[in-house]
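*Asks:* Quick one, final-v2.csv (CSV, C-alpha atoms and all ligand atoms):
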chain,number,residue,atom,x,y,z
A,179,MET,CA,98.3,120.5,64.0
A,180,ILE,CA,98.3,118.3,67.1
A,181,VAL,CA,99.2,120.2,70.2
A,182,SER,CA,100.2,118.0,73.2
A,183,LEU,CA,98.5,119.0,76.4
A,184,MET,CA,100.7,116.6,78.4
A,185,ARG,CA,102.6,118.3,81.2
A,186,ASN,CA,106.4,118.1,81.0
A,187,PRO,CA,107.1,115.1,83.3
A,188,TYR,CA,110.4,116.7,84.5
A,189,LEU,CA,108.7,119.9,85.7
A,190,PRO,CA,108.0,120.0,89.4
A,191,TYR,CA,105.0,121.8,90.9
A,192,PRO,CA,105.9,124.6,93.2
A,193,VAL,CA,104.6,123.9,96.8
A,194,ARG,CA,104.9,125.7,100.1
A,195,LEU,CA,106.0,124.0,103.2
A,196,ASP,CA,103.0,124.5,105.4
A,197,GLN,CA,103.7,122.4,108.5
A,198,ILE,CA,106.5,120.2,109.8
A,199,VAL,CA,105.9,117.4,112.3
A,200,ILE,CA,108.8,115.7,114.0
A,201,GLU,CA,107.7,112.1,114.1
A,202,THR,CA,110.4,110.2,116.0
A,203,GLU,CA,112.3,110.8,119.2
A,204,ASP,CA,115.7,110.8,117.4
A,205,ARG,CA,114.2,113.7,115.3
A,206,ASN,CA,115.5,112.0,112.1
A,207,ILE,CA,112.0,111.5,110.6
A,208,LYS,CA,109.7,114.4,109.9
A,209,THR,CA,106.4,114.7,108.1
A,210,PHE,CA,106.1,117.7,105.7
A,211,ARG,CA,102.7,119.1,104.8
A,212,LEU,CA,102.9,120.8,101.5
A,213,VAL,CA,100.3,123.1,99.8
A,214,PHE,CA,100.3,123.9,96.1
A,215,LEU,CA,101.0,127.5,95.2
A,216,SER,CA,98.4,127.3,92.4
A,217,GLN,CA,94.9,125.8,92.7
A,218,GLU,CA,95.2,124.6,89.1
A,219,ASP,CA,98.3,122.6,90.0
A,220,GLU,CA,96.4,121.1,93.0
A,221,LYS,CA,93.5,120.0,90.7
A,222,GLU,CA,95.9,118.5,88.2
A,223,PHE,CA,97.9,116.5,90.8
A,224,ARG,CA,95.7,113.3,91.1
A,225,HIS,CA,97.3,110.5,93.1
A,226,LEU,CA,96.2,107.1,94.6
A,227,PRO,CA,97.7,105.3,97.6
A,228,GLY,CA,101.0,103.6,96.8
A,229,GLN,CA,102.3,106.3,94.4
A,230,PHE,CA,105.3,108.4,95.1
A,231,ALA,CA,106.7,111.8,93.9
A,232,GLU,CA,110.1,113.4,93.5
A,233,LEU,CA,110.7,116.1,96.1
A,234,SER,CA,113.1,118.8,94.8
A,235,VAL,CA,115.1,121.2,96.8
A,236,ALA,CA,116.5,124.1,94.7
A,237,GLY,CA,120.2,123.8,94.1
A,238,LYS,CA,120.4,120.4,95.9
A,239,GLY,CA,118.5,117.9,93.7
A,240,GLU,CA,115.5,115.6,94.1
A,241,CYS,CA,114.7,112.3,95.6
A,242,PRO,CA,111.7,109.9,95.4
A,243,ILE,CA,109.4,109.8,98.5
A,244,GLY,CA,106.1,107.9,98.9
A,245,ILE,CA,103.0,110.1,99.2
A,246,ALA,CA,101.8,109.7,102.8
A,247,SER,CA,98.5,111.4,102.4
A,248,SER,CA,95.4,109.8,100.9
A,249,PRO,CA,93.6,111.4,98.0
A,250,THR,CA,90.6,111.7,100.4
A,251,GLU,CA,92.6,114.3,102.3
A,252,THR,CA,92.3,117.4,100.1
A,253,GLY,CA,94.2,120.7,100.1
A,254,TYR,CA,97.6,119.4,100.9
A,255,LEU,CA,100.1,116.5,100.4
A,256,LEU,CA,102.0,114.7,103.2
A,257,PHE,CA,105.5,113.2,102.9
A,258,THR,CA,107.3,111.5,105.8
A,259,VAL,CA,111.0,111.7,105.3
A,260,ASN,CA,114.0,110.0,106.9
A,261,LYS,CA,117.2,112.1,107.0
A,262,ALA,CA,119.4,110.0,104.8
A,263,GLY,CA,121.7,112.1,102.6
A,264,VAL,CA,122.0,115.3,100.6
A,265,VAL,CA,118.5,116.2,99.6
A,266,THR,CA,116.7,114.8,102.7
A,267,LYS,CA,119.2,116.6,105.0
A,268,HIS,CA,118.4,119.9,103.3
A,269,LEU,CA,114.7,119.2,103.4
A,270,HIS,CA,115.0,118.6,107.2
A,271,ASN,CA,116.7,122.0,107.5
A,272,MET,CA,113.9,123.9,105.7
A,273,THR,CA,111.4,125.9,107.6
A,274,GLU,CA,107.6,126.5,107.3
A,275,GLY,CA,106.8,128.9,104.5
A,276,GLU,CA,109.7,127.9,102.2
A,277,VAL,CA,109.0,126.8,98.7
A,278,LEU,CA,110.1,123.5,97.2
A,279,GLY,CA,109.1,121.3,94.2
A,280,VAL,CA,107.0,118.1,93.8
A,281,ARG,CA,107.2,116.1,90.6
A,282,GLY,CA,104.6,113.5,90.1
A,283,PRO,CA,102.5,111.6,91.0
A,284,LEU,CA,104.7,108.8,89.8
A,285,GLY,CA,104.5,105.0,89.6
A,286,ASN,CA,101.5,102.7,90.0
A,287,CYS,CA,99.3,102.3,93.1
A,288,TYR,CA,98.0,99.5,95.3
A,289,PRO,CA,95.4,97.5,93.4
A,290,LEU,CA,92.3,99.1,95.0
A,291,GLU,CA,89.8,97.6,92.6
A,292,ARG,CA,91.2,94.1,93.1
A,293,MET,CA,91.1,94.7,96.9
A,294,GLU,CA,87.4,95.6,96.8
A,295,GLY,CA,85.2,93.1,98.8
A,296,LYS,CA,88.3,91.5,100.3
A,297,ASN,CA,89.7,91.5,103.9
A,298,ILE,CA,92.8,93.7,103.9
A,299,VAL,CA,95.9,93.0,106.0
A,300,ILE,CA,98.4,95.9,106.1
A,301,ILE,CA,101.9,95.1,107.4
A,302,GLY,CA,104.4,97.8,107.9
A,303,GLY,CA,107.8,98.3,109.6
A,304,GLY,CA,109.7,101.4,110.5
A,305,PHE,CA,109.4,104.5,108.4
A,306,ALA,CA,108.1,102.6,105.4
A,307,PHE,CA,104.6,102.9,106.9
A,308,THR,CA,104.1,106.1,104.8
A,309,THR,CA,102.1,104.8,101.8
A,310,LEU,CA,100.4,102.4,104.1
A,311,ARG,CA,99.1,105.3,106.1
A,312,ALA,CA,97.8,106.8,102.8
A,313,THR,CA,96.1,103.4,102.1
A,314,LEU,CA,94.6,103.1,105.5
A,315,VAL,CA,93.2,106.6,105.5
A,316,TYR,CA,91.7,105.9,102.1
A,317,LEU,CA,90.1,102.6,103.1
A,318,LEU,CA,88.7,104.1,106.3
A,319,ALA,CA,87.2,107.2,104.6
A,320,PRO,CA,83.4,107.0,105.1
A,321,GLU,CA,82.8,106.8,101.3
A,322,ASN,CA,85.1,103.8,100.9
A,323,ARG,CA,84.9,101.8,104.1
A,324,LYS,CA,81.9,99.7,103.0
A,325,ARG,CA,83.7,98.6,99.8
A,326,PHE,CA,86.3,96.6,101.8
A,327,GLY,CA,86.0,93.7,104.3
A,328,GLU,CA,87.8,93.4,107.6
A,329,ILE,CA,90.9,95.5,108.0
A,330,SER,CA,93.9,94.4,110.1
A,331,VAL,CA,97.1,96.3,110.6
A,332,VAL,CA,100.4,95.0,111.9
A,333,TYR,CA,102.8,97.9,112.4
A,334,GLY,CA,106.2,97.7,114.1
A,335,ALA,CA,109.1,99.9,115.0
A,336,ARG,CA,112.3,99.4,117.0
A,337,ASN,CA,110.7,101.1,120.1
A,338,GLU,CA,107.8,103.3,120.8
A,339,GLY,CA,109.8,106.5,120.2
A,340,MET,CA,110.3,105.3,116.6
A,341,LEU,CA,106.6,104.8,115.7
A,342,LEU,CA,105.1,107.3,113.2
A,343,TYR,CA,101.8,109.0,113.3
A,344,LYS,CA,101.3,108.4,117.1
A,345,ASN,CA,98.0,110.4,117.4
A,346,GLU,CA,96.5,108.5,114.5
A,347,LEU,CA,97.6,105.1,115.8
A,348,GLU,CA,95.7,105.9,119.0
A,349,ALA,CA,92.6,107.0,117.0
A,350,TRP,CA,92.7,103.8,114.9
A,351,GLU,CA,93.1,101.7,118.0
A,352,ALA,CA,89.9,103.2,119.4
A,353,ARG,CA,87.9,102.3,116.3
A,354,ASP,CA,85.9,99.1,116.1
A,355,ASP,CA,86.1,98.6,112.4
A,356,ILE,CA,89.8,97.9,112.3
A,357,ARG,CA,92.1,95.5,114.1
A,358,MET,CA,95.3,97.2,115.1
A,359,HIS,CA,98.4,95.2,116.2
A,360,ILE,CA,101.1,97.8,117.0
A,361,THR,CA,104.4,96.2,118.1
A,362,VAL,CA,107.9,97.3,119.1
A,363,ASP,CA,111.1,95.2,119.0
A,364,ALA,CA,111.7,96.2,122.6
A,365,ALA,CA,109.7,98.5,124.8
A,366,LYS,CA,111.4,101.3,126.7
A,367,ASP,CA,108.4,102.2,128.8
A,368,PRO,CA,107.4,99.5,131.3
A,369,GLY,CA,103.8,100.8,130.9
A,370,TRP,CA,103.8,99.9,127.1
A,371,LYS,CA,100.3,98.4,126.5
A,372,TYR,CA,100.6,97.0,123.0
A,373,ASN,CA,102.7,94.1,121.6
A,374,VAL,CA,106.4,93.4,121.9
A,375,GLY,CA,108.0,91.3,119.1
A,376,PHE,CA,109.2,91.5,115.5
A,377,VAL,CA,106.6,92.1,112.8
A,378,PRO,CA,106.8,88.5,111.3
A,379,ALA,CA,106.2,86.9,114.7
A,380,ILE,CA,103.2,89.3,115.5
A,381,THR,CA,101.8,88.6,112.0
A,382,GLU,CA,101.9,84.9,112.7
A,383,LYS,CA,100.2,85.3,116.0
A,384,LYS,CA,97.5,87.8,115.1
A,385,ILE,CA,96.6,87.0,111.4
A,386,THR,CA,94.9,83.7,111.5
A,387,SER,CA,93.2,83.5,108.1
A,388,ALA,CA,94.0,84.3,104.5
A,389,ALA,CA,90.4,83.6,103.3
A,390,GLU,CA,89.2,86.3,100.8
A,391,SER,CA,92.2,88.4,101.9
A,392,VAL,CA,94.9,90.6,100.4
A,393,ALA,CA,98.1,91.4,102.3
A,394,ILE,CA,100.1,94.6,101.6
A,395,ILE,CA,103.6,94.7,103.0
A,396,CYS,CA,106.0,97.6,103.1
A,397,GLY,CA,109.1,97.8,105.3
A,398,PRO,CA,112.8,97.1,105.5
A,399,PRO,CA,114.1,94.2,103.4
A,400,ILE,CA,114.8,92.0,106.5
A,401,MET,CA,111.2,92.4,107.7
A,402,ILE,CA,109.8,91.6,104.2
A,403,LYS,CA,112.1,88.6,103.9
A,404,PHE,CA,110.8,87.0,107.1
A,405,THR,CA,107.2,88.1,106.7
A,406,GLN,CA,106.7,86.5,103.3
A,407,PRO,CA,107.0,82.8,104.5
A,408,VAL,CA,104.7,83.6,107.4
A,409,LEU,CA,102.0,84.9,105.0
A,410,LYS,CA,102.5,81.8,102.9
A,411,LYS,CA,102.1,79.6,105.9
A,412,ILE,CA,98.9,81.4,106.9
A,413,GLY,CA,97.7,80.6,103.4
A,414,PHE,CA,98.1,83.7,101.3
A,415,PRO,CA,98.9,82.8,97.6
A,416,SER,CA,101.7,84.9,96.0
A,417,GLU,CA,99.1,86.8,93.9
A,418,ALA,CA,97.5,88.1,97.2
A,419,ILE,CA,100.8,89.3,98.6
A,420,ILE,CA,101.5,92.9,97.5
A,421,MET,CA,104.8,94.7,98.1
A,422,SER,CA,106.2,98.1,97.4
A,423,LEU,CA,109.9,98.3,96.3
A,424,GLU,CA,112.3,101.2,96.9
A,425,ASN,CA,115.0,100.7,94.3
A,426,ARG,CA,117.4,103.6,93.6
A,427,MET,CA,115.9,106.0,91.1
A,428,LYS,CA,116.8,108.9,89.0
A,429,CYS,CA,114.2,110.0,86.4
A,430,GLY,CA,111.2,108.3,88.0
A,431,ILE,CA,109.4,108.0,84.6
A,432,GLY,CA,111.0,105.0,82.9
A,433,MET,CA,113.6,106.9,80.9
A,434,CYS,CA,117.0,106.4,82.5
A,435,GLY,CA,117.1,102.6,83.3
A,436,ARG,CA,118.4,103.2,86.8
A,437,CYS,CA,115.8,101.3,88.7
A,438,ASN,CA,115.0,98.2,86.7
A,439,VAL,CA,114.4,94.7,88.1
A,440,GLY,CA,114.7,92.4,85.1
A,441,THR,CA,112.3,93.9,82.5
A,442,GLU,CA,110.3,96.0,84.9
A,443,TYR,CA,111.0,99.6,85.7
A,444,VAL,CA,110.3,100.0,89.4
A,445,CYS,CA,109.5,103.7,88.9
A,446,LYS,CA,106.9,103.1,86.1
A,447,ASP,CA,105.7,99.5,86.3
A,448,GLY,CA,106.0,99.6,90.1
A,449,PRO,CA,106.8,100.4,92.9
A,450,VAL,CA,103.9,98.1,93.7
A,451,PHE,CA,104.2,94.4,92.6
A,452,THR,CA,102.6,91.2,93.6
A,453,LEU,CA,104.9,88.6,95.0
A,454,ALA,CA,103.8,86.3,92.2
A,455,ARG,CA,105.3,88.9,89.7
A,456,LEU,CA,108.5,89.4,91.7
A,457,ASP,CA,109.0,85.6,91.8
A,458,GLU,CA,109.3,85.7,88.0
A,459,LEU,CA,112.0,88.5,88.2
A,460,PRO,CA,115.7,88.4,89.1
A,461,ARG,CA,116.3,89.3,92.8
A,462,GLU,CA,117.6,92.8,92.0
A,463,TYR,CA,115.6,94.5,94.8
B,1,LIG,C1,109.5,104.6,95.5
B,1,LIG,C2,110.3,105.1,96.7
B,1,LIG,C3,109.7,105.6,97.8
B,1,LIG,C4,110.4,106.1,98.9
B,1,LIG,N1,109.7,106.6,99.9
B,1,LIG,C5,110.3,107.1,101.0
B,1,LIG,C6,109.6,107.7,102.0
B,1,LIG,O1,108.4,107.7,102.1
B,1,LIG,N2,110.3,108.3,103.0
B,1,LIG,C7,111.7,108.3,103.0
B,1,LIG,O2,112.3,108.8,104.0
B,1,LIG,N3,112.4,107.7,102.1
B,1,LIG,C8,111.8,107.1,101.0
B,1,LIG,N4,112.5,106.6,100.0
B,1,LIG,C9,114.0,106.5,100.1
B,1,LIG,C10,114.5,107.9,99.6
B,1,LIG,O3,114.3,108.1,98.2
B,1,LIG,C11,116.1,107.9,99.8
B,1,LIG,O4,116.4,107.9,101.2
B,1,LIG,C12,116.5,109.3,99.2
B,1,LIG,O5,116.6,109.2,97.8
B,1,LIG,C13,117.8,109.7,99.8
B,1,LIG,O6,118.1,110.9,99.1
B,1,LIG,P1,119.2,111.9,99.6
B,1,LIG,O7,119.6,112.8,98.5
B,1,LIG,O8,118.8,112.5,100.9
B,1,LIG,O9,120.4,110.9,99.9
B,1,LIG,P2,121.7,110.5,99.0
B,1,LIG,O10,122.7,111.6,99.3
B,1,LIG,O11,121.3,110.3,97.6
B,1,LIG,O12,122.0,109.1,99.7
B,1,LIG,C14,122.2,109.0,101.0
B,1,LIG,C15,122.3,107.5,101.4
B,1,LIG,O13,121.1,106.9,101.1
B,1,LIG,C16,121.3,105.8,100.1
B,1,LIG,N5,120.1,105.7,99.3
B,1,LIG,C17,119.7,106.6,98.3
B,1,LIG,N6,118.5,106.2,97.7
B,1,LIG,C18,118.2,105.0,98.3
B,1,LIG,C19,117.1,104.0,98.2
B,1,LIG,N7,116.2,104.2,97.3
B,1,LIG,N8,117.2,103.0,99.0
B,1,LIG,C20,118.1,102.8,99.9
B,1,LIG,N9,119.1,103.6,100.1
B,1,LIG,C21,119.2,104.7,99.3
B,1,LIG,C22,122.5,106.2,99.4
B,1,LIG,O14,123.2,105.1,98.8
B,1,LIG,C23,123.3,106.8,100.5
B,1,LIG,O15,123.9,105.8,101.3
B,1,LIG,C24,111.8,106.1,98.9
B,1,LIG,C25,112.5,105.5,97.8
B,1,LIG,C26,111.7,105.1,96.7
B,1,LIG,C27,112.5,104.6,95.5
B,2,LIG,S1,114.3,105.8,87.6
B,2,LIG,FE1,114.7,106.2,85.5
B,2,LIG,S2,113.9,104.4,84.6
B,2,LIG,FE2,113.3,104.2,86.7
Before we go any further, please render this structure as structure tokens.
*Replies:*
Amino acid sequence: MIVSLMRNPYLPYPVRLDQIVIETEDRNIKTFRLVFLSQEDEKEFRHLPGQFAELSVAGKGECPIGIASSPTETGYLLFTVNKAGVVTKHLHNMTEGEVLGVRGPLGNCYPLERMEGKNIVIIGGGFAFTTLRATLVYLLAPENRKRFGEISVVYGARNEGMLLYKNELEAWEARDDIRMHITVDAAKDPGWKYNVGFVPAITEKKITSAAESVAIICGPPIMIKFTQPVLKKIGFPSEAIIMSLENRMKCGIGMCGRCNVGTEYVCKDGPVFTLARLDELPREY
């Protein structure tokens, strides 16, 4: 008799809300640090940067959220959540110590093996910086840093109060093995010491070469729309432009057909795609 040892993919792992950080001055974006109730569950949950999970709140439902922590950070998972609707509003009202569910990890990841030996350009906007944070922390981990070339980051938000992970941004700014280009659409503080301008414009100014490089973009559709031609102009081929999609989802495992773009299920075949692949698909994202 063959007994399947595969875990039921609809079953969430129980996790405890260990810490909540309010990220933005409008208080609408918070980072939740979650710890597994069981050590076995923690060992079983193996993720890579770019993957997401369904967060479930009892009696309210579940929603897909990118995993903001790197697999090199052990003992907890981080999710940075914008208060958007039913589930995320209830998540925002939860307090430390409460229990919720995490179903995953789901989807594919950024192509880390293909990225080895290359220069990496990370481009993010607004609260979509979450899986980019996971990627950056992964690339910068002492055991990984040597496997990658130069690392450049362009990260923008509406203003300085809307930037995520402020303490980490400062720490990355201070490192000499990464080029940070933080920008805001408009600075509120006259003492703002970084860039002012939209992400595509700052990308054009600061990223001068596409040689041996891979660019990863994650952000609002408008930012992605205007950043793609800039990357093309710098010389990035479509195969070297990697994007993460956020289509509406239900099951997260390729069963319900809610999220597809042409023949691809964003939840299972994605959410990470090269621009070359997206160019072959209908514009349903
Ligand atoms: C792969 C993936 C990764 C994501 N990562 C993050 C993340 O790291 N942080 C984060 O805050 N959000 C993320 N999202 C978006 C998040 O899933 C939605 O905001 C969430 O589903 C809203 O759930 P809700 O029950 O609170 O809102 P609902 O009550 O379901 O909806 C509230 C509003 O949000 C809209 N909405 C719901 N889903 C989406 C969506 N996918 N795209 C755009 N609008 C939507 C609804 O139409 C409605 O207007 C991600 C989505 C996907 C697919
Ligand atoms: S969300 Fe069900 S198939 Fe993708």
*Asks:* Give the answer as one residue: which of A:Asn337, A:Ser216, A:Ser247, A:Gln197 has the shortest atom-to-atom distance to ligand LIG 1 (chain B), using all atoms listed in the file?
*Replies:*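 Of A:Asn337, A:Ser216, A:Ser247, A:Gln197, the one nearest ligand LIG 1 (chain B) is A:Ser247, counting all atoms listed in the file.
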*Asks:* As a quick test: using all atoms listed in the file, which residues lie no more than 8 Å away from ligand LIG 1 (chain B)? Give them as a ChimeraX atom specification.
*Replies:* /A:207,229-231,239-246,257-268,285,305-309,422-427,444-445,449
*Asks:* Find, counting all atoms listed in the file, the residue in A:Glu382, A:Glu321, A:Glu442, A:Glu417 that gets nearest to ligand LIG 2 (chain B).
*Replies:*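 With all atoms listed in the file as the atom set, the closest residue is A:Glu442.
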*Asks:* Just the number, please: distance in Å from atom CA of A:Leu215 to atom CA of A:Leu318, one decimal.
*Replies:*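 Going from atom CA of A:Leu215 over to atom CA of A:Leu318, I get 28.7 Å.
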*Asks:* Could you make a table, as a Markdown table, of the residues of chain A that have an atom within 7 Å of an atom of ligand LIG 2 (chain B), each with its nearest atom pair and distance in Å to one decimal, counting only C-alpha atoms and all ligand atoms, in chain and number order?
*Replies:*
| residue | atom | partner | partner_atom | distance |
| --- | --- | --- | --- | --- |
| A:Met427 | CA | B:LIG2 | S1 | 3.9 |
| A:Lys428 | CA | B:LIG2 | S1 | 4.2 |
| A:Cys429 | CA | B:LIG2 | FE1 | 3.9 |
| A:Gly430 | CA | B:LIG2 | S1 | 4.0 |
| A:Ile431 | CA | B:LIG2 | FE1 | 5.7 |
| A:Gly432 | CA | B:LIG2 | S2 | 3.4 |
| A:Met433 | CA | B:LIG2 | S2 | 4.5 |
| A:Cys434 | CA | B:LIG2 | FE1 | 3.8 |
| A:Gly435 | CA | B:LIG2 | S2 | 3.9 |
| A:Arg436 | CA | B:LIG2 | S1 | 4.9 |
| A:Cys437 | CA | B:LIG2 | FE2 | 4.3 |
| A:Asn438 | CA | B:LIG2 | FE2 | 6.2 |
| A:Tyr443 | CA | B:LIG2 | FE2 | 5.2 |
| A:Val444 | CA | B:LIG2 | FE2 | 5.8 |
| A:Cys445 | CA | B:LIG2 | FE2 | 4.4 |
| A:Lys446 | CA | B:LIG2 | FE2 | 6.5 |
*Asks:* Next, write the just-selected residues to a file, as a PDB file, keeping the file's coordinate frame, keeping C-alpha atoms as the atom set.
*Replies:*
ATOM      1  CA  MET A 427     115.900 106.000  91.100  1.00  0.00           C
ATOM      2  CA  LYS A 428     116.800 108.900  89.000  1.00  0.00           C
ATOM      3  CA  CYS A 429     114.200 110.000  86.400  1.00  0.00           C
ATOM      4  CA  GLY A 430     111.200 108.300  88.000  1.00  0.00           C
ATOM      5  CA  ILE A 431     109.400 108.000  84.600  1.00  0.00           C
ATOM      6  CA  GLY A 432     111.000 105.000  82.900  1.00  0.00           C
ATOM      7  CA  MET A 433     113.600 106.900  80.900  1.00  0.00           C
ATOM      8  CA  CYS A 434     117.000 106.400  82.500  1.00  0.00           C
ATOM      9  CA  GLY A 435     117.100 102.600  83.300  1.00  0.00           C
ATOM     10  CA  ARG A 436     118.400 103.200  86.800  1.00  0.00           C
ATOM     11  CA  CYS A 437     115.800 101.300  88.700  1.00  0.00           C
ATOM     12  CA  ASN A 438     115.000  98.200  86.700  1.00  0.00           C
ATOM     13  CA  TYR A 443     111.000  99.600  85.700  1.00  0.00           C
ATOM     14  CA  VAL A 444     110.300 100.000  89.400  1.00  0.00           C
ATOM     15  CA  CYS A 445     109.500 103.700  88.900  1.00  0.00           C
ATOM     16  CA  LYS A 446     106.900 103.100  86.100  1.00  0.00           C
TER      17      LYS A 446
END
*Asks:* Between A:Ile380, A:Leu453, A:Val193, A:Ile394, which has the minimum distance to A:Pro415 (counting all atoms listed in the file)?
*Replies:*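 Nearest candidate to A:Pro415 out of A:Ile380, A:Leu453, A:Val193, A:Ile394: A:Leu453.
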*Asks:* Please report the interatomic distance between atom CA of A:Lys383 and atom CA of A:Gly327 in Å with one decimal.
*Replies:*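 Distance between the two atoms: 20.2 Å.
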*Asks:* Can you tell me which residues surround A:Ala393 at a distance of at most 9 Å, considering only C-alpha atoms, apart from same-chain residues fewer than 3 positions away, and format the answer as a list in words?
*Replies:*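 Selected residues are Asn297, Ile298, Val299, Ile300, Ile301, Ala388, Leu409, Phe414, Ala418, Ile419, Ile420 and Met421 of chain A.
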*Asks:* Which one of A:Gly237, A:Pro407, A:Gly413, A:Gly303 sits closest to A:Ile360 if you count all atoms listed in the file?
*Replies:*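 Nearest to A:Ile360: A:Gly303.
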*Asks:* For each of A:Thr441, A:Thr381, A:Thr250, A:Thr273, take the minimum atom-to-atom distance to A:Leu314, counting all atoms listed in the file, then give the residue where this is smallest.
*Replies:* A:Thr250
*Asks:* Taking all atoms listed in the file into account, which of A:Glu251, A:Val315, A:Phe214, A:Glu338 comes nearest A:Ile356?
*Replies:* A:Val315
*Asks:* Any idea what's packed within 10 Å of A:Tyr254, counting all atoms listed in the file, ignoring anything in its chain fewer than 5 positions away? Could you give it as a list in words?
*Replies:*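 These residues fall inside the cut-off: Val193, Arg194, Leu195, Asp196, Phe210, Arg211, Leu212, Val213, Phe214, Glu220, Ser247, Ser248 and Pro249 of chain A.
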*Asks:* What is the distance, in Å and to one decimal place, between atom CA of A:Pro368 and atom CA of A:Ala352?
*Replies:*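 Interatomic distance, atom CA of A:Pro368 to atom CA of A:Ala352: 21.5 Å.
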*Asks:* Any chance you could model all heavy atoms for stretch 433-438 of chain A and send them as a short mmCIF file (atom, residue, chain, number, x, y, z; two decimals), in the coordinates of the input?
*Replies:*
data_model
loop_
_atom_site.label_atom_id
_atom_site.label_comp_id
_atom_site.auth_asym_id
_atom_site.auth_seq_id
_atom_site.Cartn_x
_atom_site.Cartn_y
_atom_site.Cartn_z
N MET A 433 112.73 106.41 81.96
CA MET A 433 113.60 106.90 80.90
C MET A 433 115.07 106.54 81.06
O MET A 433 115.79 106.39 80.09
CB MET A 433 113.45 108.40 80.70
CG MET A 433 112.08 108.89 80.37
SD MET A 433 111.43 108.21 78.84
CE MET A 433 112.33 109.18 77.65
N CYS A 434 115.54 106.44 82.29
CA CYS A 434 117.00 106.40 82.50
C CYS A 434 117.52 104.96 82.73
O CYS A 434 118.72 104.72 82.64
CB CYS A 434 117.41 107.28 83.65
SG CYS A 434 116.95 106.65 85.28
N GLY A 435 116.66 104.02 83.06
CA GLY A 435 117.10 102.60 83.30
C GLY A 435 117.82 102.42 84.60
O GLY A 435 118.49 101.40 84.78
N ARG A 436 117.69 103.32 85.53
CA ARG A 436 118.40 103.20 86.80
C ARG A 436 117.80 102.20 87.75
O ARG A 436 118.48 101.62 88.57
CB ARG A 436 118.40 104.64 87.42
CG ARG A 436 119.00 104.77 88.79
CD ARG A 436 120.51 104.87 88.71
NE ARG A 436 121.12 104.93 90.02
CZ ARG A 436 121.45 106.05 90.65
NH1 ARG A 436 121.23 107.20 90.07
NH2 ARG A 436 121.99 106.00 91.84
N CYS A 437 116.46 101.99 87.62
CA CYS A 437 115.80 101.30 88.70
C CYS A 437 115.28 99.91 88.34
O CYS A 437 114.55 99.30 89.11
CB CYS A 437 114.53 102.13 89.07
SG CYS A 437 113.35 102.18 87.72
N ASN A 438 115.67 99.39 87.16
CA ASN A 438 115.00 98.20 86.70
C ASN A 438 115.28 96.92 87.47
O ASN A 438 116.37 96.73 88.00
CB ASN A 438 115.14 98.00 85.19
CG ASN A 438 116.56 97.83 84.81
OD1 ASN A 438 117.38 98.71 85.10
ND2 ASN A 438 116.89 96.70 84.21
#
